[in-house]
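> Have a look at this one before I ask anything.
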Amino acid sequence: MDLILGPVWDALFSPFAEFAFMRRALVATLALSLSAAPLGVFLTLRRMSLLGDALSHAVLPGVAIGFMVSGLSLTAMALGGVLAGMLVAGIAGAVTRFTTLKEDASLAAIYLVALALGVTLIASHGTQLDLLHILFGSALGVDSSGLLLVAGVATCSVLALAVMYRGLVLETFDPVYLAAHRHGVPPWVWQQGFLMLVVLNLVAGFQTLGTLMAVGLMMLPAVSARLWHDTLPAQLLNASAQAALAGVAGLLLSYHFDTPSGPTIIACAGGLYATSLLLAPGGWLPRWWASPHRVA
């Protein structure tokens, strides 16, 4: 028995039991899984899947300005990222309201400018290592202040999502009904509150996964969950579970094979997505098995 349990312990549990940085990374990743993945489900249902990607790039100028002012201060970069993300979302909304451009087109234009500006600012005021750290993160380098930020954002996001749940569901599926029966609260209030939660989670995830990878833990499990379930509550639970599984597996693989933690976590989420494409009820194999020519 010891011959079996020993290697299993060394492979799966020993890294978290022996090293505090692994425990911090684990808690941060699980917290993001609980808060970010459900937001990804709502983004997919609202057909705004690429919005998360756009906002993850949009926070970069604010992160860069925080870096220029205070170096690798997590508080300064997080505050700058939140302000930049909300500014970009507000500008895109204004462009949509006062021009003929749709929101996705205005976001695409603005986030490209924001990405170029952020990379330029970081590259001109820091080293290549600083740029890579901000763009791709380091889950194994999460410190106590970073863990508090992620845990705080995750807690607030879960509570806010619980309070906003009914309104978000109505705004997603029937905004006309919401406008008529929500005591005068316009649908854009729910949308802006939802966008704020998305920005907060992207900013919380940039230290562990980087600005370019944070959206992966938000969207990949959410898209994968839609292949498994038709009901919204089941999709929310499935997305969080897949994100947590990808996070744990990614941390272990990163530790044992000395690979970058953020990309490894996203690669594991991609592996779960590929498995869902093949085996989930909405995937290829069950649909092929139930096709008319197979039944015949």
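Chains: A, B, ... in order of the structure tokens. Residues: from 1 per chain. Ligands: from 1, in order shown.
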Could you give me, as a ChimeraX atom specification, the residues within 10 Å of A:Leu200, counting only C-alpha atoms and dropping anything in the same chain fewer than 6 positions from it?

/A:36,59,78-79,81-83,85-86,150,153-154,156-157,194

> Please provide the set of residues having any atom within 6 Å of stretch 217-224 of chain A, restricted to only C-alpha atoms, with same-chain residues fewer than 3 positions apart removed, written as a VMD selection string.

chain A and resid 36 to 37 40 to 41 214 227 239 242 to 243 273

> What separation in Å, quoted to one decimal, exists between atom CA of A:Gly262 and atom CA of A:Val248?

11.5 Å

> Go through A:Leu87, A:Val189, A:Leu272, A:Leu159 and flag the residue nearest A:Ser35, using only C-alpha atoms for the distances.

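Closest to A:Ser35, using only C-alpha atoms: A:Leu159.
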
> Report, in Å with one decimal, the straight-line distance from atom CA of A:Val169 to atom CA of A:Leu197.

15.2 Å
